[in-house]
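Colleague: Here it is: the structure, laid out below.
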Amino acid sequence: MSPSFGRGAMTNSWSDLKNAEVFLIAGSNCAENHPIAMKWINRAKENGAKIIVVDPRFTRTASKADIFAQIRPGTDIAYLGAIINYIIEQKLYDQKYVLNYTNALLKVSTDYKLEAGLFSGYDAKTRKYGTASWGYQLGPDKKPLKAESIEDPDSVFSKLKAHYSRYTFDTAEKISGIPAEKIKEIADVFCKGKPASILYALGMTQHTTGVQGIRAYAIIQLLLGNIGKAGGGINALRGEPNVQGSTDMANLVSNLPGYLPHPINTDKTLRDYLVRNGSFFEKHIVAQLKAWFGENATKDNDYGFSYLPKTNPAVNATMVKLFEMMNKEQFKILFNVGSNSLVSIPDRQLVRSALTKLDMLVVSDLFEIETAQFWREPGVNPADIKTEVIMFPAAFVYEKAGSMSNSSRWIQWKDAALEPLGESLPDLDMLDHLFKKIRKLYAGSTDVKDAPILKARWDYGEHTSALKVLQELSGYDETTGKLLPTIGDYLKAPIGTASTGCWIYAGVTGNGNLAARRNNADPSGLGLFKDWSFAWPGNVRILYNRASCDELGQPVDAKRKLIWWDAAARVWAGNDGGDLVDKTKGPDTPEGKLSFRMNPEGVGRLFAATYMSGLPAEAPADGLPAIGIRPAGICVDGPLPEFYEPTESPTTNILHPEVSISPCALVVSTKIGKSDQFPHVLTTYGVVEHFCAGGITRNIPWLNEIMPEPFAEISKNLAAKIKVVEGDMVEVSSARGKITVRALVTDRLQSYKVNGKDTETIGMPWSWGFASLSPGPSTNEITIAALDPGAGTPEYKVCLVDIRRAN
Amino acid sequence: MDVSRRGFFKLSGLTIAALAAGLGFDPAVAEAKGYALKLEGTKKIPSICHFCSGGCGMLLYVKEGKLIHLEGDPDHPTNEGTLCPKAASLLSVANSPDRVTKPRRRAPGADKWEDISWEEALDIVAKKTKEVRDASWKAADQIVNAKTGLPESLTVNRVEGIAFLGSAEVDNEESYLIKKFCQLIGTPYNEHQARI
């Protein structure tokens, strides 16, 4: 979503779902995995909303649908491309929105092209794209040239039109297995409802084309004018209780907190960093350096920029790749907090092997998860494993104070309700104690490498205080030492005078702890609840809500008014906080027109062009490289979503057989299966009773009682073919391994045709491992480690398997 | 008719009572009494569910330091008092006999854990962190400059031998300190399950 809209977060909120007229739920079984979504979807349905569900299985969510389509896993871009084609051909798009709030009119470089499945700039040796030809035609002012009309052959809109003209309903049927008429019906119903909401979860992201699938959603929603509106949006249903927060805090190799790009080795100075990333980030990275190094971060020492480690951009160290590096003995210590990789990583033999290469594994968790005791997995001889393991007993969520950010971006505070059990302690305390011990070991060192540890600001009290940490995120006026009241105050402060550990959280504790607010009034009736906790950024509840207004700043939907320009008071007013640069800049000013202010073009991006805004027309006189304002988010595998087969596929890509799978996919697994030996498609999923890798839920007796073991869900046709009945044990095998589970024979999966060939999908939940109160085989024994080239997300949702009766 | 949640309970209780009137006892009263006894003297503390990203509100009922009951928070705008089966089961985590309650060490090659103190555990990890940090410190990357074609040494001040996974399961403040900890000791190799 970030390359389309400028931020990678769910656009709307749970309670906003009630405002939708139609839903496309594809890549999410929210009835089981996000039950709370269903509460609000059902409320919309009671008001007449239509529900479309596209899924490989007839799920519990599908049981509520007006239209259900069974899709072959991993082929979403084919049917979504056909819908985009239909919207353009039938002129179903929102003309005004497309012209004013997207980059439809901007002219694309004449060097850009797509040929036989490859975009311009491909390097077959590195399997990467050079992205220069994906830019705009720039004027002498370094700004993109704008076409007179969307018919201009160089316009983004024309490129989009040409690109998707190949995606007919018939082609989409051959690829996806969804009948052409059904795709047309989905398109008609979805385009008719305004506002229309799209919901997705891991069913869309866990592919080698995961990012591009979401881009296809973005294109549809921008064409239809559904972003920035109550009841619209693209709602990424995030998986864990604080996955929004942990992404905001950047427990990711590519970022620093608040979505700041991580410094790389060519960033010798802060200035180099800004040349690469734009001046937009100057305030935020300096504020973060001030939060981390206090008075030791000064203008004279480049605010301590040299204290930060720099990554090597040639190395991809995303989660699965980290285990590959570990297996090659790069790491001697792995800290492992709240994560159970031995169950959750695809092709998990890699994890099993990699952990043995460590000197030390440090685990903090509530239960003795599989990862903590990898050295005694059945079949492993502990004596052979030299890894020392330290396990810290973690306190449970109710045994500690702190905040979590939900999918709606609400930062919600909770007080500690209980004392930690036994000797367990919050991870906050563990990290605090550990850092202080390490700092003591380095005391007195004058080695330059130890400066970041010795010069850090690290003071969270004698008894580690979560509130103090949240206040660091919220931000201080460094000249007075007082908390900055609001994000506005932070943005107004001169560079170097303010600190915040994560600028998008600025102001959360500025006027008391806003994350702890419990006023559930909702005067607009739109489910905004703006006095309940605090939503980043700046308590905006519906992102990009400027796009809910017309050019004059008035709401286009009279029933669902979010914000409006109050011409008399000369200020943006509204039911929601405005997603605006400045509340006092009206719709007649350049700032007041920006619908997607986080994008360098200020509009939504149908075409993910390379672009840096704010570059001067003339090169700077001092000879140094110019600093622009803000770079565009790029998809490394192409500016428009193109359909590629999954890495392991039962068929060949009919659009371009020579480039059948993603040309950029990162394939980590070394054993790849072919459909003659492994004819069926395996897709993995979750069940309501268990959570992720099961580290918690498999230790809860009553959940184990209602969902005691994993299984393989198969169609009646397949069951007849391999001669099993429900409850029989079956062996499911892939090129990487095999496991034996019980068969679940069901109507929820049906045989289907792909490129004319009968095909079967097998579904398996994946939450089990060898330990806990309820052990069971791990499905990730057989899945494939093939990653999206941009996000690093593995293709859990598709691999090839065979199945036979066991014993 | 406007039936509030509590009113609804009363109403259904009365209906049962009416039905049971001929049985010689009043199950509604018995039931209400059991309920009152269970929650009597408890402190009601609002909190948040710890499974999916819904962020549903919960009410925790705590007595003498023990969590004895939890339910959906009727004032919470997202879930309005409802909970899914997973959320409702969190009670048993707080009181689970299977929780790890002491720091543990598994020595290289050993086939079992030994309990150790926090102080020992922290010392072992701190010492090892320093040892690995010092040994795997990389001051500079050697690269070939793409423009000039000449070799170049770029200062990186990076630790190569330490990785940190975590976490979408911890609070914002903890997640932030994980990142800050990693950056201060010099490792960029911090990832977590949001990636997968």
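Residue numbering restarts at 1 in every chain; chains get A, B, ... in the order shown in the structure tokens, and ligands count up from 1 in that same order.
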List every residue of range 361-560 of chain A that DSSP, applied to the backbone of this structure, assigns to alpha helix (DSSP H), and report them as number ranges by chain.
Modeller: A: 427-441, 451-454, 466-474, 487-492
Colleague: I'd like the neighbourhood of range 497-503 of chain A as number ranges by chain, where a residue qualifies if any of its atoms comes within 8 Å (using only C-alpha atoms), though same-chain residues fewer than 4 positions away should be ignored.
Modeller: A: 248-249, 257-258, 284, 286-292, 472-479, 490, 493
Colleague: Any idea what's packed within 9 Å of range 531-545 of chain A, counting only C-alpha atoms, ignoring anything in its chain fewer than 4 positions away? Could you give it as a tab-separated table (two decimals) with N, CA and C atoms, in the first residue's frame?
Modeller:
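Final file, selection24.tsv:
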```
chain	number	residue	atom	x	y	z
A	5	PHE	N	-0.22	4.69	-1.74
A	5	PHE	CA	-0.84	5.76	-0.95
A	5	PHE	C	0.15	6.53	-0.09
A	7	ARG	N	1.52	5.29	2.81
A	7	ARG	CA	1.66	4.66	4.12
A	7	ARG	C	1.25	3.20	4.00
A	9	ALA	N	-0.47	1.05	5.93
A	9	ALA	CA	-1.36	0.72	7.05
A	9	ALA	C	-2.78	0.60	6.55
A	10	MET	N	-3.58	-0.19	7.30
A	10	MET	CA	-5.01	-0.28	7.03
A	10	MET	C	-5.57	1.14	6.96
A	11	THR	N	-6.35	1.45	5.91
A	11	THR	CA	-6.76	2.84	5.70
A	11	THR	C	-7.89	3.27	6.63
A	12	ASN	N	-8.78	2.33	6.96
A	12	ASN	CA	-9.96	2.68	7.75
A	12	ASN	C	-9.90	1.99	9.11
A	13	SER	N	-11.02	1.73	9.74
A	13	SER	CA	-10.97	1.12	11.07
A	13	SER	C	-12.03	0.03	11.16
A	16	ASP	N	-15.48	1.35	11.28
A	16	ASP	CA	-15.88	2.02	10.04
A	16	ASP	C	-16.48	1.04	9.03
A	227	ILE	N	-10.83	5.46	-1.83
A	227	ILE	CA	-9.83	5.64	-0.76
A	227	ILE	C	-10.04	7.01	-0.11
A	228	GLY	N	-9.90	7.04	1.21
A	228	GLY	CA	-10.07	8.30	1.95
A	228	GLY	C	-11.50	8.50	2.40
A	229	LYS	N	-12.34	7.51	2.17
A	229	LYS	CA	-13.76	7.67	2.46
A	229	LYS	C	-14.24	6.70	3.55
A	230	ALA	N	-15.19	7.16	4.34
A	230	ALA	CA	-15.82	6.27	5.31
A	230	ALA	C	-16.49	5.13	4.55
A	233	GLY	N	-11.84	2.17	1.34
A	233	GLY	CA	-10.50	1.84	1.77
A	233	GLY	C	-10.04	0.44	1.44
A	405	SER	N	-0.89	-1.23	19.39
A	405	SER	CA	-1.58	-0.53	18.32
A	405	SER	C	-2.34	-1.55	17.48
A	408	SER	N	-6.61	-0.69	13.40
A	408	SER	CA	-7.18	0.62	13.12
A	408	SER	C	-6.19	1.75	13.44
A	409	ARG	N	-4.97	1.40	13.80
A	409	ARG	CA	-3.91	2.35	14.21
A	409	ARG	C	-4.24	3.02	15.53
A	410	TRP	N	-5.12	2.43	16.31
A	410	TRP	CA	-5.42	2.98	17.64
A	410	TRP	C	-4.34	2.50	18.61
A	411	ILE	N	-3.67	3.47	19.23
A	411	ILE	CA	-2.65	3.14	20.24
A	411	ILE	C	-3.39	3.04	21.57
A	412	GLN	N	-3.56	1.83	22.08
A	412	GLN	CA	-4.39	1.63	23.27
A	412	GLN	C	-3.53	1.24	24.47
A	413	TRP	N	-3.68	1.98	25.51
A	413	TRP	CA	-2.90	1.76	26.74
A	413	TRP	C	-3.64	0.81	27.67
A	486	THR	N	1.68	18.45	21.22
A	486	THR	CA	1.01	17.78	20.09
A	486	THR	C	1.99	17.54	18.95
A	487	ILE	N	1.55	16.75	17.97
A	487	ILE	CA	2.40	16.52	16.81
A	487	ILE	C	2.63	17.84	16.05
A	488	GLY	N	1.64	18.74	16.12
A	488	GLY	CA	1.80	20.06	15.50
A	488	GLY	C	2.97	20.81	16.12
A	504	ILE	N	5.71	9.40	14.20
A	504	ILE	CA	4.28	9.27	13.95
A	504	ILE	C	3.49	9.10	15.25
A	505	TYR	N	4.19	8.80	16.36
A	505	TYR	CA	3.54	8.72	17.67
A	505	TYR	C	3.63	10.04	18.43
A	506	ALA	N	4.17	11.06	17.77
A	506	ALA	CA	4.37	12.35	18.46
A	506	ALA	C	3.04	12.84	19.03
A	507	GLY	N	3.08	13.29	20.27
A	507	GLY	CA	1.90	13.85	20.91
A	507	GLY	C	1.04	12.84	21.66
A	508	VAL	N	1.38	11.56	21.59
A	508	VAL	CA	0.48	10.57	22.22
A	508	VAL	C	0.39	10.75	23.73
A	513	ASN	N	-1.92	11.00	29.01
A	513	ASN	CA	-1.74	9.79	28.21
A	513	ASN	C	-2.98	9.56	27.35
A	514	LEU	N	-2.94	10.07	26.10
A	514	LEU	CA	-4.12	9.98	25.24
A	514	LEU	C	-4.43	8.54	24.85
A	515	ALA	N	-3.44	7.67	24.89
A	515	ALA	CA	-3.67	6.26	24.55
A	515	ALA	C	-4.59	5.60	25.57
A	516	ALA	N	-4.73	6.23	26.75
A	516	ALA	CA	-5.58	5.65	27.80
A	516	ALA	C	-6.99	6.24	27.79
A	517	ARG	N	-7.30	7.08	26.81
A	517	ARG	CA	-8.63	7.72	26.80
A	517	ARG	C	-9.75	6.69	26.60
A	518	ARG	N	-10.84	6.87	27.32
A	518	ARG	CA	-11.94	5.91	27.26
A	518	ARG	C	-13.29	6.59	27.04
A	519	ASN	N	-13.30	7.62	26.24
A	519	ASN	CA	-14.57	8.27	25.91
A	519	ASN	C	-15.09	7.67	24.61
A	520	ASN	N	-16.19	6.90	24.70
A	520	ASN	CA	-16.65	6.20	23.50
A	520	ASN	C	-17.79	6.93	22.78
A	521	ALA	N	-17.86	8.24	22.97
A	521	ALA	CA	-18.88	9.01	22.25
A	521	ALA	C	-18.55	9.02	20.76
A	522	ASP	N	-19.60	8.99	19.94
A	522	ASP	CA	-19.40	9.00	18.49
A	522	ASP	C	-20.46	9.89	17.85
A	549	CYS	N	-13.41	14.72	-0.07
A	549	CYS	CA	-13.99	16.02	-0.45
A	549	CYS	C	-13.73	16.33	-1.92
A	562	LEU	N	-16.60	13.32	6.52
A	562	LEU	CA	-15.44	13.17	7.40
A	562	LEU	C	-14.84	14.53	7.74
A	563	ILE	N	-14.45	15.29	6.71
A	563	ILE	CA	-13.89	16.63	6.94
A	563	ILE	C	-14.44	17.58	5.89
A	576	ASP	N	-13.71	13.95	11.68
A	576	ASP	CA	-12.44	13.26	11.84
A	576	ASP	C	-11.34	14.31	11.84
A	577	GLY	N	-10.17	13.94	12.35
A	577	GLY	CA	-9.00	14.80	12.18
A	577	GLY	C	-8.63	14.78	10.70
A	578	GLY	N	-8.23	15.90	10.15
A	578	GLY	CA	-7.91	15.96	8.73
A	578	GLY	C	-6.53	15.40	8.44
A	579	ASP	N	-6.44	14.57	7.40
A	579	ASP	CA	-5.14	14.05	6.97
A	579	ASP	C	-4.54	15.09	6.03
A	580	LEU	N	-4.05	16.18	6.61
A	580	LEU	CA	-3.66	17.37	5.86
A	580	LEU	C	-2.29	17.85	6.31
A	595	SER	N	-4.24	15.15	-1.75
A	595	SER	CA	-5.10	14.09	-1.24
A	595	SER	C	-4.27	12.97	-0.61
A	596	PHE	N	-3.08	12.78	-1.13
A	596	PHE	CA	-2.19	11.74	-0.60
A	596	PHE	C	-0.86	12.41	-0.30
A	597	ARG	N	-0.83	13.11	0.83
A	597	ARG	CA	0.28	14.03	1.10
A	597	ARG	C	1.59	13.30	1.35
B	76	HIS	N	-16.18	-0.73	25.19
B	76	HIS	CA	-15.19	-0.60	24.13
B	76	HIS	C	-15.87	-0.49	22.78
B	77	PRO	N	-15.51	0.57	22.00
B	77	PRO	CA	-16.25	0.80	20.75
B	77	PRO	C	-16.03	-0.26	19.68
```
Colleague: Which residues, written as a list in words, have at least one atom at most 7 Å from Ala87 in chain B, with only C-alpha atoms counted and residues fewer than 4 positions away on the same chain left out?
Modeller: Cys49, Phe51 and Leu83 of chain B
Colleague: Counting only C-alpha atoms, what is within 12 Å of Val380 in chain A, bar same-chain residues fewer than 6 positions away, as a list in words?
Modeller: Arg352, Ser353, Thr356, Gln373, Phe374 and Phe770 of chain A; Gly109 and Asp111 of chain B
Colleague: Could the residues in this selection be written to a file with N, CA and C atoms, as a tab-separated table (two decimals), in the first residue's frame?
Modeller:
```
chain	number	residue	atom	x	y	z
A	352	ARG	N	15.71	-25.48	11.70
A	352	ARG	CA	16.24	-26.55	12.55
A	352	ARG	C	17.77	-26.61	12.41
A	353	SER	N	18.22	-26.50	11.17
A	353	SER	CA	19.65	-26.56	10.93
A	353	SER	C	20.35	-25.28	11.39
A	356	THR	N	21.30	-24.78	15.13
A	356	THR	CA	22.45	-25.55	15.64
A	356	THR	C	23.77	-24.84	15.38
A	373	GLN	N	13.30	-25.24	22.54
A	373	GLN	CA	13.79	-26.59	22.81
A	373	GLN	C	14.05	-27.36	21.52
A	374	PHE	N	14.56	-26.62	20.52
A	374	PHE	CA	14.87	-27.26	19.24
A	374	PHE	C	15.86	-28.39	19.40
A	770	PHE	N	6.02	-29.89	17.74
A	770	PHE	CA	6.25	-31.13	18.51
A	770	PHE	C	6.06	-30.96	20.01
B	109	GLY	N	25.20	-29.22	24.45
B	109	GLY	CA	25.21	-30.69	24.47
B	109	GLY	C	24.31	-31.32	25.52
B	111	ASP	N	20.95	-32.44	27.74
B	111	ASP	CA	19.63	-32.90	27.31
B	111	ASP	C	18.53	-32.38	28.22
```
Colleague: For Ser403 in chain A, list every protein, DNA or RNA residue within 10 Å, evaluated using only C-alpha atoms, and leave out those in the same chain fewer than 4 positions away; present the list as a PDB file with C-alpha atoms, in the first residue's frame.
Modeller:
```
ATOM      1  CA  ASN A 242       0.647  -5.442  18.096  1.00  0.00           C
ATOM      2  CA  GLY A 245       2.934  -1.203  16.508  1.00  0.00           C
ATOM      3  CA  VAL A 397       0.270  -9.128  28.651  1.00  0.00           C
ATOM      4  CA  TRP A 410      -5.420   2.980  17.638  1.00  0.00           C
ATOM      5  CA  ILE A 411      -2.655   3.137  20.235  1.00  0.00           C
ATOM      6  CA  GLN A 412      -4.391   1.631  23.271  1.00  0.00           C
ATOM      7  CA  TRP A 413      -2.901   1.759  26.737  1.00  0.00           C
ATOM      8  CA  LYS A 414      -3.455  -0.822  29.469  1.00  0.00           C
ATOM      9  CA  ASP A 415      -2.305  -0.783  33.083  1.00  0.00           C
ATOM     10  CA  ALA A 466       6.643   1.750  30.113  1.00  0.00           C
ATOM     11  CA  LEU A 467       5.110   5.212  30.400  1.00  0.00           C
ATOM     12  CA  LEU A 470       5.961   5.987  25.558  1.00  0.00           C
ATOM     13  CA  ALA A 515      -3.673   6.263  24.554  1.00  0.00           C
ATOM     14  CA  ALA A 516      -5.577   5.649  27.795  1.00  0.00           C
TER      15      ALA A 516
ATOM     16  CA  SER B  47      -7.469  -4.132  29.212  1.00  0.00           C
ATOM     17  CA  ILE B  48      -6.975  -5.304  25.622  1.00  0.00           C
ATOM     18  CA  VAL B 170       4.968  -7.449  22.806  1.00  0.00           C
ATOM     19  CA  ASP B 171       3.890  -3.906  23.686  1.00  0.00           C
ATOM     20  CA  ASN B 172       4.914  -0.839  21.657  1.00  0.00           C
ATOM     21  CA  GLU B 173       7.335   0.228  24.345  1.00  0.00           C
ATOM     22  CA  GLU B 174       9.047  -3.179  24.291  1.00  0.00           C
TER      23      GLU B 174
END
```
Colleague: So, counting only C-alpha atoms, which residue among A:Gly135, A:Pro600, A:Pro144, A:Pro263 is closest to chain B?
Modeller: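 Between A:Gly135, A:Pro600, A:Pro144, A:Pro263, the residue approaching chain B most closely is A:Pro263.
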